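Chemist: What follows is work_26.cif, mmCIF, C-alpha atoms.
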data_upload
#
loop_
_atom_site.label_atom_id
_atom_site.label_comp_id
_atom_site.auth_asym_id
_atom_site.auth_seq_id
_atom_site.Cartn_x
_atom_site.Cartn_y
_atom_site.Cartn_z
CA MET A 16 -35.69 3.99 24.72
CA THR A 17 -35.80 1.07 22.33
CA HIS A 18 -34.04 -1.39 24.56
CA ALA A 19 -36.47 -3.67 26.37
CA VAL A 20 -35.21 -4.48 29.84
CA LYS A 21 -34.58 -8.23 30.02
CA TYR A 22 -33.01 -8.84 33.40
CA HIS A 23 -35.19 -7.93 36.36
CA PRO A 24 -34.87 -8.29 40.12
CA GLY A 25 -36.67 -11.39 41.40
CA MET A 26 -40.03 -11.19 43.11
CA MET A 27 -38.51 -11.67 46.55
CA LEU A 28 -36.17 -8.74 46.06
CA MET A 29 -39.08 -6.62 44.84
CA GLU A 30 -41.23 -7.52 47.85
CA GLN A 31 -38.48 -6.76 50.32
CA TYR A 32 -37.77 -3.52 48.48
CA VAL A 33 -41.39 -2.41 48.86
CA ALA A 34 -41.51 -3.52 52.50
CA GLY A 35 -38.36 -1.50 53.15
CA THR A 36 -36.47 -4.46 54.59
CA LEU A 37 -33.65 -4.70 52.01
CA SER A 38 -30.30 -3.27 52.95
CA ALA A 39 -30.20 0.27 51.64
CA ASP A 40 -27.56 -0.22 48.96
CA VAL A 41 -29.23 -3.27 47.47
CA ALA A 42 -32.50 -1.34 47.59
CA LEU A 43 -30.76 1.47 45.72
CA ALA A 44 -29.90 -0.85 42.83
CA VAL A 45 -33.51 -2.11 42.77
CA ALA A 46 -34.92 1.43 42.92
CA THR A 47 -32.70 2.50 40.03
CA HIS A 48 -33.74 -0.53 38.01
CA ILE A 49 -37.40 0.38 38.61
CA ASP A 50 -36.74 3.92 37.39
CA LEU A 51 -35.58 2.41 34.11
CA CYS A 52 -38.14 -0.39 33.80
CA PRO A 53 -41.84 0.27 33.14
CA HIS A 54 -42.68 -3.38 33.76
CA CYS A 55 -41.23 -3.34 37.26
CA GLN A 56 -42.93 0.00 37.93
CA ARG A 57 -46.27 -1.76 37.51
CA VAL A 58 -45.19 -4.78 39.54
CA CYS A 59 -43.97 -2.43 42.24
CA GLN A 60 -47.32 -0.62 42.36
CA ASP A 61 -49.15 -3.94 42.69
CA ILE A 62 -46.92 -5.04 45.56
CA HIS A 63 -47.49 -1.72 47.30
CA ASN A 64 -51.24 -2.26 47.04
CA ASP A 65 -50.91 -5.79 48.38
CA GLN A 66 -48.81 -4.80 51.33
CA ALA A 67 -51.07 -1.84 52.07
CA ASP A 68 -53.96 -4.29 52.19
CA VAL A 69 -52.12 -6.31 54.79
CA LEU A 70 -51.76 -3.15 56.87
CA ALA A 71 -55.38 -2.08 56.37
CA SER A 72 -56.70 -5.49 57.33
CA MET A 73 -54.31 -6.01 60.24
CA PRO A 74 -56.26 -7.81 62.96
CA LEU A 75 -56.30 -6.03 66.31
CA GLU A 76 -55.54 -7.90 69.51
CA GLN A 77 -58.24 -7.84 72.15
CA ASP A 78 -55.79 -6.27 74.58
CA ASP A 79 -54.86 -3.55 72.11
CA THR A 80 -56.53 -0.83 74.07
CA ASP A 81 -54.10 2.03 73.62
CA ASP A 82 -55.69 5.36 74.19
CA PHE A 83 -54.73 7.42 71.18
CA SER A 84 -57.03 10.35 71.91
CA ALA A 85 -54.25 12.61 73.22
CA LEU A 86 -52.22 11.96 70.08
CA LEU A 87 -55.24 12.63 67.88
CA ALA A 88 -55.84 15.98 69.58
CA GLU A 89 -52.17 16.88 69.34
CA ILE A 90 -52.01 16.12 65.64
CA THR A 91 -55.16 18.00 64.64
CA GLY A 92 -53.89 20.95 66.66
CA GLN A 93 -50.99 21.29 64.24
CA PRO A 94 -51.06 23.35 61.07
CA GLN A 95 -51.40 21.46 57.80
CA LEU A 96 -49.01 22.04 54.96
CA ASP A 97 -50.65 24.95 53.27
CA LYS A 98 -50.28 24.05 49.64
CA PRO A 99 -48.77 21.11 47.87
CA ARG A 100 -45.09 21.74 47.68
CA GLN A 101 -44.31 22.85 44.18
CA LYS A 102 -40.99 21.39 43.32
CA ALA A 103 -39.99 22.37 39.87
CA ALA A 104 -39.39 19.23 37.88
CA ARG A 105 -35.93 18.42 39.05
CA GLU A 106 -33.27 18.86 36.45
CA LEU A 107 -31.67 15.59 35.46
CA VAL A 108 -28.33 15.09 37.13
CA LYS A 109 -25.57 14.35 34.68
CA VAL A 110 -22.13 12.86 35.17
CA GLN A 111 -19.16 13.45 32.91
CA ILE A 112 -16.39 11.03 32.16
CA ASN A 113 -14.07 10.46 29.25
CA GLY A 114 -15.53 13.43 27.39
CA ARG A 115 -19.00 11.90 27.62
CA GLU A 116 -22.06 12.99 29.56
CA PHE A 117 -24.67 10.62 31.03
CA ALA A 118 -28.08 11.41 32.50
CA ILE A 119 -28.56 9.73 35.87
CA PRO A 120 -31.86 8.11 36.92
CA ARG A 121 -33.89 9.73 39.68
CA ALA A 122 -33.01 7.29 42.44
CA LEU A 123 -29.31 7.99 42.01
CA SER A 124 -29.42 11.72 41.35
CA ARG A 125 -28.90 12.99 44.85
CA LEU A 126 -26.05 10.59 45.48
CA ALA A 127 -24.46 11.15 42.08
CA GLU A 128 -24.23 14.84 42.88
CA GLN A 129 -21.91 13.83 45.71
CA GLN A 130 -19.90 11.30 43.75
CA GLY A 131 -16.25 10.81 44.56
CA LYS A 132 -13.42 11.49 42.12
CA TRP A 133 -13.18 9.32 39.04
CA LEU A 134 -10.31 6.86 39.34
CA GLN A 135 -9.14 5.71 35.94
CA LEU A 136 -7.25 2.60 34.94
CA GLY A 137 -6.99 1.91 31.24
CA GLY A 138 -10.48 2.03 29.74
CA ILE A 139 -12.15 1.65 33.09
CA ALA A 140 -13.08 4.31 35.62
CA THR A 141 -14.93 4.18 38.92
CA ALA A 142 -16.35 6.82 41.23
CA LYS A 143 -17.69 5.99 44.68
CA LEU A 144 -21.12 7.12 45.75
CA PRO A 145 -21.52 8.08 49.42
CA ALA A 146 -23.93 5.26 50.11
CA GLY A 147 -21.89 2.71 51.94
CA ASP A 148 -23.39 0.24 54.30
CA LYS A 149 -21.63 -3.01 54.09
CA MET A 150 -21.63 -2.75 50.32
CA HIS A 151 -19.58 -0.52 48.11
CA VAL A 152 -21.63 1.53 45.75
CA SER A 153 -19.98 3.15 42.76
CA LEU A 154 -20.44 4.28 39.21
CA LEU A 155 -18.43 2.15 36.81
CA TYR A 156 -17.52 3.48 33.37
CA ILE A 157 -16.13 1.18 30.70
CA ASP A 158 -14.82 2.66 27.48
CA LYS A 159 -15.74 1.12 24.13
CA GLY A 160 -13.89 -2.06 23.20
CA THR A 161 -12.68 -2.68 26.72
CA GLU A 162 -12.56 -5.95 28.61
CA ILE A 163 -12.61 -6.31 32.36
CA PRO A 164 -10.25 -9.17 33.13
CA ASN A 165 -11.84 -12.45 34.11
CA HIS A 166 -12.73 -12.32 37.77
CA THR A 167 -14.52 -14.15 40.53
CA HIS A 168 -16.74 -12.46 43.06
CA LEU A 169 -15.78 -12.87 46.65
CA GLY A 170 -19.21 -11.60 47.57
CA LEU A 171 -22.35 -10.37 45.93
CA GLU A 172 -21.92 -8.19 42.85
CA MET A 173 -24.88 -6.26 41.50
CA THR A 174 -24.37 -4.41 38.26
CA LEU A 175 -27.09 -2.25 36.79
CA VAL A 176 -26.49 -0.96 33.29
CA LEU A 177 -27.36 2.73 33.14
CA SER A 178 -26.31 3.38 29.56
CA GLY A 179 -24.76 1.41 26.71
CA THR A 180 -24.30 -2.35 26.57
CA ILE A 181 -22.13 -4.80 28.41
CA CYS A 182 -21.54 -8.37 27.30
CA ASP A 183 -20.23 -11.41 29.08
CA GLU A 184 -20.19 -15.17 28.57
CA ASN A 185 -23.87 -15.33 29.49
CA GLY A 186 -25.34 -12.63 27.31
CA GLU A 187 -25.76 -8.96 26.58
CA TYR A 188 -27.10 -6.43 28.98
CA GLY A 189 -28.52 -3.03 28.08
CA ALA A 190 -29.82 0.00 29.98
CA GLY A 191 -31.98 -1.10 32.89
CA ASP A 192 -30.72 -4.69 32.99
CA LEU A 193 -29.70 -5.90 36.41
CA LEU A 194 -26.97 -8.54 36.75
CA ILE A 195 -26.47 -10.28 40.03
CA ASN A 196 -23.34 -12.36 40.47
CA THR A 197 -22.48 -14.51 43.44
CA PRO A 198 -19.20 -16.13 44.51
CA ALA A 199 -20.10 -19.07 42.25
CA ASP A 200 -19.96 -16.88 39.13
CA THR A 201 -16.88 -16.07 37.10
CA HIS A 202 -17.07 -13.81 34.08
CA THR A 203 -15.20 -11.57 31.69
CA PRO A 204 -17.42 -8.63 30.87
CA HIS A 205 -16.59 -6.40 27.92
CA THR A 206 -18.07 -3.54 26.00
CA ARG A 207 -18.77 -3.44 22.27
CA ALA A 208 -16.19 -2.01 19.91
CA ASP A 209 -18.31 1.03 19.13
CA GLU A 210 -20.12 1.77 22.40
CA ASP A 211 -19.04 2.61 25.91
CA CYS A 212 -21.05 1.80 29.01
CA LEU A 213 -21.98 3.29 32.36
CA CYS A 214 -23.10 1.04 35.22
CA LEU A 215 -24.06 1.22 38.85
CA SER A 216 -22.02 -1.29 40.77
CA VAL A 217 -22.89 -2.59 44.22
CA LEU A 218 -20.28 -4.92 45.71
CA SER A 219 -20.28 -6.71 49.03
CA ALA A 220 -16.63 -7.81 48.73
CA PRO A 221 -13.66 -7.18 46.44
CA LEU A 222 -13.30 -8.90 43.10
CA LYS A 223 -10.62 -11.51 42.60
CA PHE A 224 -8.82 -11.67 39.26
CA ASN A 225 -8.13 -15.16 38.04
CA LYS A 226 -5.95 -15.43 34.97
CA GLY A 227 -2.34 -14.93 34.01
CA LEU A 228 -0.71 -11.60 34.42
CA VAL A 229 -3.88 -9.84 35.43
CA ARG A 230 -3.56 -11.65 38.71
CA LEU A 231 -1.12 -8.86 39.30
CA LEU A 232 -4.21 -6.69 39.48
CA ASN A 233 -5.30 -8.33 42.68
CA PRO A 234 -3.33 -5.90 44.80
CA LEU A 235 -5.34 -3.27 42.91
CA GLN A 236 -8.64 -4.95 43.61
CA GLN A 237 -9.49 -2.15 45.97
CA PHE A 238 -9.78 -0.07 42.86
CA PHE A 239 -12.92 -1.92 41.91
CA TYR A 240 -14.29 -1.97 45.43
CA MET B 23 -75.36 -2.78 54.59
CA LEU B 24 -73.34 -5.88 53.88
CA ASP B 25 -72.59 -8.63 56.33
CA SER B 26 -69.67 -10.10 54.51
CA THR B 27 -66.52 -10.31 56.55
CA VAL B 28 -63.91 -10.28 53.90
CA LEU B 29 -61.76 -7.46 52.71
CA THR B 30 -62.34 -7.52 48.99
CA GLY B 31 -62.22 -5.57 45.85
CA HIS B 32 -60.13 -2.84 47.31
CA HIS B 33 -57.45 -2.66 44.71
CA GLU B 34 -59.09 -3.86 41.59
CA HIS B 35 -58.92 -0.43 40.12
CA SER B 36 -55.51 0.59 41.30
CA GLY B 37 -53.55 2.20 38.53
CA THR B 38 -56.66 3.55 36.90
CA THR B 39 -58.40 6.77 37.61
CA THR B 40 -61.91 5.40 37.80
CA ARG B 41 -63.22 4.42 41.15
CA MET B 42 -66.36 2.39 41.16
CA PRO B 43 -68.37 2.34 44.32
CA ASP B 44 -67.53 -1.28 45.07
CA ARG B 45 -68.33 -2.37 48.52
CA MET B 46 -65.81 -3.61 50.96
CA THR B 47 -66.26 -4.64 54.52
CA ILE B 48 -63.84 -5.40 57.24
CA SER B 49 -63.87 -8.11 59.87
CA ALA B 50 -67.33 -8.04 61.39
CA GLU B 51 -66.30 -10.40 64.18
CA SER B 52 -64.53 -7.62 66.00
CA ALA B 53 -67.53 -5.37 65.37
CA GLU B 54 -65.61 -3.14 63.00
CA PRO B 55 -67.57 -0.57 61.10
CA HIS B 56 -68.56 -1.46 57.58
CA ILE B 57 -66.27 0.19 55.13
CA ARG B 58 -66.79 0.98 51.52
CA THR B 59 -64.12 1.53 48.99
CA GLY B 60 -63.75 5.21 48.64
CA GLN B 61 -64.46 6.02 52.24
CA TRP B 62 -60.84 6.73 53.10
CA GLU B 63 -60.28 8.61 49.88
CA ASP B 64 -63.31 10.78 50.71
CA ALA B 65 -62.12 11.30 54.26
CA LEU B 66 -58.69 12.39 53.04
CA THR B 67 -60.33 14.76 50.58
CA PHE B 68 -62.22 16.42 53.41
CA VAL B 69 -59.10 16.63 55.52
CA ALA B 70 -57.38 18.26 52.56
CA LEU B 71 -60.19 20.62 51.62
CA HIS B 72 -61.30 21.77 55.00
CA ALA B 73 -58.87 20.50 57.65
CA ASP B 74 -61.89 18.41 58.60
CA LYS B 75 -61.14 17.01 62.05
CA SER B 76 -63.97 14.51 62.18
CA ALA B 77 -63.01 13.02 58.82
CA TYR B 78 -59.45 12.83 60.10
CA ALA B 79 -60.58 11.19 63.34
CA GLU B 80 -62.29 8.47 61.30
CA LEU B 81 -59.06 7.76 59.47
CA PHE B 82 -57.03 8.01 62.63
CA ASN B 83 -59.21 5.70 64.68
CA TYR B 84 -59.04 3.07 61.99
CA PHE B 85 -55.39 3.27 61.01
CA ALA B 86 -53.55 4.25 64.23
CA PRO B 87 -54.15 0.93 66.05
CA ARG B 88 -53.39 -1.04 62.90
CA LEU B 89 -50.20 0.89 62.32
CA LYS B 90 -49.26 0.12 65.91
CA ALA B 91 -49.84 -3.61 65.36
CA PHE B 92 -47.88 -3.37 62.10
CA GLY B 93 -45.06 -1.50 63.85
CA MET B 94 -44.90 -4.10 66.63
CA LYS B 95 -44.38 -6.74 63.97
CA MET B 96 -41.67 -4.76 62.23
CA PHE B 97 -39.81 -3.36 65.25
CA GLY B 98 -40.72 -5.81 67.99
CA ASN B 99 -40.58 -2.79 70.26
CA GLU B 100 -43.49 -0.76 71.54
CA GLN B 101 -41.75 2.56 71.86
CA GLN B 102 -40.58 2.51 68.25
CA ALA B 103 -43.94 1.23 67.05
CA LEU B 104 -45.63 4.18 68.73
CA GLU B 105 -43.09 6.60 67.29
CA MET B 106 -43.94 5.25 63.86
CA VAL B 107 -47.68 5.64 64.48
CA GLN B 108 -47.18 9.20 65.60
CA ASP B 109 -44.94 10.27 62.71
CA THR B 110 -47.07 8.50 60.13
CA MET B 111 -50.39 9.89 61.30
CA LEU B 112 -48.94 13.38 61.66
CA ASN B 113 -47.79 13.19 58.04
CA VAL B 114 -51.24 12.01 56.96
CA TRP B 115 -52.74 15.12 58.57
CA LYS B 116 -50.13 17.56 57.35
CA LYS B 117 -49.73 16.24 53.83
CA ALA B 118 -53.35 15.39 53.12
CA ARG B 119 -53.33 17.82 50.22
CA LEU B 120 -50.56 15.85 48.57
CA PHE B 121 -52.74 12.76 48.39
CA ASP B 122 -53.76 12.10 44.80
CA PRO B 123 -56.49 9.48 44.39
CA SER B 124 -55.63 9.00 40.73
CA ARG B 125 -52.33 7.46 41.83
CA GLY B 126 -53.68 4.84 44.18
CA CYS B 127 -55.89 4.37 47.18
CA ALA B 128 -55.64 6.00 50.56
CA SER B 129 -54.45 2.86 52.33
CA THR B 130 -51.55 2.53 49.89
CA TRP B 131 -50.63 6.15 50.48
CA ILE B 132 -50.68 5.66 54.25
CA PHE B 133 -48.67 2.43 53.93
CA THR B 134 -45.94 4.16 51.95
CA ILE B 135 -45.73 6.97 54.49
CA ALA B 136 -45.40 4.42 57.31
CA ARG B 137 -42.80 2.43 55.38
CA ASN B 138 -40.73 5.57 54.70
CA VAL B 139 -41.01 6.78 58.28
CA ARG B 140 -39.86 3.38 59.49
CA PHE B 141 -36.99 3.23 57.00
CA ASP B 142 -35.74 6.68 57.93
CA MET B 143 -36.10 5.89 61.65
CA LEU B 144 -33.80 2.89 61.22
CA ARG B 145 -31.29 4.87 59.17
CA LYS B 146 -31.22 7.64 61.73
CA LYS B 147 -30.67 5.13 64.50
CA GLN B 148 -27.59 3.96 62.67
CA SER B 149 -26.61 7.65 62.53
CA ARG B 150 -26.24 7.89 58.80
CA LYS B 151 -27.32 11.25 57.70
CA ASP B 152 -25.84 11.69 54.32
CA ASP B 153 -26.57 8.50 52.51
CA ILE B 154 -29.54 6.69 51.08
CA SER B 155 -32.91 7.97 52.29
CA ALA B 156 -36.48 6.86 51.70
CA ASP B 157 -36.83 9.75 49.26
CA ASP B 158 -34.13 8.25 47.07
CA LEU B 159 -35.59 4.76 47.08
CA TRP B 160 -39.29 5.28 46.60
CA ALA B 161 -40.30 7.83 44.03
CA ASP B 162 -43.93 7.73 45.05
CA GLY B 163 -43.36 7.47 48.77
CA ASP B 164 -45.38 10.38 49.96
CA TYR B 165 -45.19 12.21 46.69
CA PRO B 166 -42.09 14.24 47.44
CA GLU B 167 -42.12 15.59 43.93
CA LEU B 168 -45.21 17.09 42.43
CA GLU B 169 -45.07 17.79 38.81
CA GLU B 170 -48.70 18.53 38.10
CA SER B 171 -49.86 21.92 39.21
CA ALA B 172 -52.19 22.06 42.17
CA THR B 173 -54.94 23.13 39.82
CA ASP B 174 -54.55 19.98 37.78
CA GLN B 175 -54.67 17.96 40.94
CA TRP B 176 -57.87 19.43 42.21
CA GLU B 177 -59.37 19.18 38.79
CA THR B 178 -58.45 15.53 38.68
CA MET B 179 -59.72 14.98 42.14
CA LEU B 180 -62.98 16.81 41.69
CA LEU B 181 -63.79 15.70 38.20
CA SER B 182 -62.63 12.14 38.30
CA GLU B 183 -64.07 11.38 41.67
CA LYS B 184 -67.62 11.18 42.75
CA LEU B 185 -67.57 14.72 44.02
CA ALA B 186 -68.10 15.88 40.47
CA PRO B 187 -71.87 15.38 40.17
CA PHE B 188 -72.43 17.03 43.54
CA PHE B 189 -70.18 19.85 42.60
CA ASP B 190 -72.32 20.47 39.55
CA ALA B 191 -75.45 20.35 41.67
CA LEU B 192 -74.30 23.19 43.92
CA PRO B 193 -76.25 26.43 43.69
CA VAL B 194 -74.65 28.59 41.03
CA ALA B 195 -73.34 31.22 43.41
CA GLN B 196 -71.60 28.63 45.59
CA ARG B 197 -70.26 26.71 42.64
CA LEU B 198 -68.71 29.84 41.17
CA VAL B 199 -66.89 30.64 44.40
CA MET B 200 -65.72 27.02 44.82
CA GLN B 201 -64.48 26.93 41.28
CA LYS B 202 -62.44 30.06 41.70
CA VAL B 203 -60.98 28.98 45.02
CA TYR B 204 -60.31 25.31 44.38
CA LEU B 205 -59.91 25.03 40.64
CA GLU B 206 -58.38 28.39 39.81
CA GLU B 207 -56.58 28.61 43.17
CA LYS B 208 -57.53 32.17 43.86
CA SER B 209 -57.44 33.62 47.32
CA HIS B 210 -60.70 34.42 49.09
CA GLN B 211 -59.86 38.09 48.77
CA GLU B 212 -59.29 37.87 45.02
CA VAL B 213 -62.60 36.08 44.58
CA ALA B 214 -64.40 38.71 46.62
CA GLU B 215 -62.99 41.45 44.43
CA GLU B 216 -63.67 39.63 41.20
CA LEU B 217 -67.29 38.94 42.05
CA ASP B 218 -67.72 42.22 43.88
CA ILE B 219 -69.10 40.56 46.99
CA PRO B 220 -67.98 40.87 50.63
CA LEU B 221 -65.16 38.63 51.83
CA GLY B 222 -67.50 37.21 54.47
CA THR B 223 -69.89 36.10 51.75
CA VAL B 224 -67.10 34.27 49.93
CA LYS B 225 -66.22 32.46 53.13
CA SER B 226 -69.77 31.54 53.99
CA ARG B 227 -70.45 30.29 50.46
CA ILE B 228 -67.40 28.04 50.73
CA ARG B 229 -68.59 26.75 54.08
CA LEU B 230 -72.06 26.11 52.76
CA ALA B 231 -70.78 24.41 49.65
CA LEU B 232 -68.44 22.19 51.66
CA ASP B 233 -71.29 21.28 54.00
CA ARG B 234 -73.44 20.40 51.03
CA LEU B 235 -70.71 18.28 49.46
CA ARG B 236 -70.10 16.57 52.74
CA GLU B 237 -73.79 15.89 53.22
CA ALA B 238 -74.14 14.55 49.71
CA LEU B 239 -71.22 12.21 50.19
CA ASP B 240 -72.49 11.14 53.61
CA ASP B 241 -75.76 10.18 51.98
CA THR B 242 -74.01 8.00 49.47
CA ARG B 243 -72.22 6.28 52.31
CA SER B 244 -75.09 5.21 54.51
#
Show me the file's structure as structure tokens.

Modeler:
Amino acid sequence: MTHAVKYHPGMMLMEQYVAGTLSADVALAVATHIDLCPHCQRVCQDIHNDQADVLASMPLEQDDTDDFSALLAEITGQPQLDKPRQKAARELVKVQINGREFAIPRALSRLAEQQGKWLQLGGIATAKLPAGDKMHVSLLYIDKGTEIPNHTHLGLEMTLVLSGTICDENGEYGAGDLLINTPADTHTPHTRADEDCLCLSVLSAPLKFNKGLVRLLNPLQQFFY
Amino acid sequence: MLDSTVLTGHHEHSGTTTRMPDRMTISAESAEPHIRTGQWEDALTFVALHADKSAYAELFNYFAPRLKAFGMKMFGNEQQALEMVQDTMLNVWKKARLFDPSRGCASTWIFTIARNVRFDMLRKKQSRKDDISADDLWADGDYPELEESATDQWETMLLSEKLAPFFDALPVAQRLVMQKVYLEEKSHQEVAEELDIPLGTVKSRIRLALDRLREALDDTRS
């Protein structure tokens, strides 16, 4: 892949991801970004080592006098896994839309296999992934030369580019780039004339369309959510 | 023996496959044992090779109370903290053979198991079965996917770690048996047939060789 990932999750997100304290759907976007970003893979390993150190050097309270001997005996009485499980290298999961086929990163594969139906509207299509907490997680496909009408985010919008390029007023985002938009942000993303785009979209609230006739889309906002 | 009280140097080599015998000690004020980098990796290796209960007990006695303290901080609830200790330490025992020292140290491996156990405990509590699991989020969690063959792994482990020189120093007959069992992954029976020796001899050579390796490593520890 020639594209160098430019937009990364912040350090706080990364730390909470490693600690396992992020909400699962936000963690999913971070995990998928890491799959696509060698830099964050290294950062992630370092944070793991750091947090493991905290565990390994955890001070013990004087009154921590649990007797674990029964548990120890119980555990060593159990059979070990005989051999390392030999999972054949898992075949890459692919999704098809608009006559195109996209390989899906590891973190999303299991969920992408259970994706909902593609809903299409003009050059845009979405398919829900069965990963809902409070957020809505979906695959978002945008055909080449397509613009998503200017919108505001009523909540948090995380968009991770999986393939292709998406552009908005602030810049261009390629595979692996993670965009995080808050209610303060308004933008009009569009694809290039010659390249379509597949994204992972994590939304905490519906989008709100701002301008002219597309405000008529607002009743359809559930489409994007 | 060192008297220093600081946990140091533990992760300087993470991400690499070399493992220098740096020293590391842990909080002398609570009369903790002195610990050297590599001790937990060695212990896990013995648990993996030989279901070695005393090596496991060393790991257990060190990590179980710390996992409990860690769990109390995360859950604020003793029952859940203990459940996490139990599930984590059971996984450490059962999956010891999945531990790969070239991918990080033992404490990191144990941390990721604990983190995944905790994450999945919380998800289960919210009765979500079908959606995001620890396996989706953390590729390296407890190594759910192994792409290298077991042979490669043992080769890596034996050759890249300090076992290698001791392995070479084994008497030829023992080394041959060990090589066939652990590097070529043959069954004891196959080795007996190949070398035309009794099955009992294969087993006793393995035991002797493991004892020797253990002794050699013990010597480097004290």

Chemist: Report as JSON, numbers by chain the set of chain B residues whose atoms approach chain A to within 6 Å, with distances computed over only C-alpha atoms.

Modeler: {"B": [88, 112, 116, 117, 120, 129, 130, 133, 153, 154, 158, 159, 167, 169]}

Chemist: Written as a PyMOL selection string, what is the full residue list that the PyMOL selection byres ((chain B and resi 141) around 12) yields on the file shown?

Modeler: (chain A and resi 32-39+42) or (chain B and resi 93+96-97+102+106+110+134-140+142-148+150+154-160+163)

Chemist: Run the PyMOL selection byres ((chain A and resi 153) around 12) mentally over the shown coordinates, then write out the matched residues as a PyMOL selection string, using the chain letters and numbers from the document.

Modeler: chain A and resi 40+43-44+123+126-127+129-134+140-147+150-152+154-156+172-175+213-219+238-240

Chemist: Grab the atom CA of His48 of chain A to atom CA of Lys21 of chain A distance for me, in Å with one decimal place.

Modeler: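 If I compute the distance from atom CA of His48 of chain A to atom CA of Lys21 of chain A, I get 11.1 Å.
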
Chemist: So, counting only C-alpha atoms, which residue among B:Ala86, B:Ala195, B:Ala70, B:Val114 is closest to Arg227 of chain B?

Modeler: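 Nearest to Arg227 of chain B: B:Ala195.
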
Chemist: Restricting the calculation to all atoms listed in the file: of A:Asp183, A:Glu116, A:Glu128, A:Asp211, which residue gets closest to Asp158 of chain A?

Modeler: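 The closest residue to Asp158 of chain A is A:Asp211.
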
Chemist: Quick one: distance from atom CA of Trp115 of chain B to atom CA of Leu81 of chain B in Å, one decimal?

Modeler: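 So the answer is 9.7 Å.
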
Chemist: So what do you get for atom CA of Leu171 of chain A versus atom CA of Glu184 of chain A, distance-wise?

Modeler: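 Distance between the two atoms: 18.1 Å.
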
Chemist: Could you expand the PyMOL selection byres ((chain A and resi 168) around 6) into the explicit residues it covers here, written as a ChimeraX atom specification?

Modeler: /A:167,169-170,198,222

Chemist: Each side padded by 6 Å, which centre and which edge lengths in Å (one decimal) define the axis-aligned box around the listed atoms of segment 224-233 of chain B? Give them as lines of an AutoDock Vina configuration file.

Modeler:
center_x = -69.1
center_y = 27.8
center_z = 51.9
size_x = 17.8
size_y = 25.0
size_z = 16.4
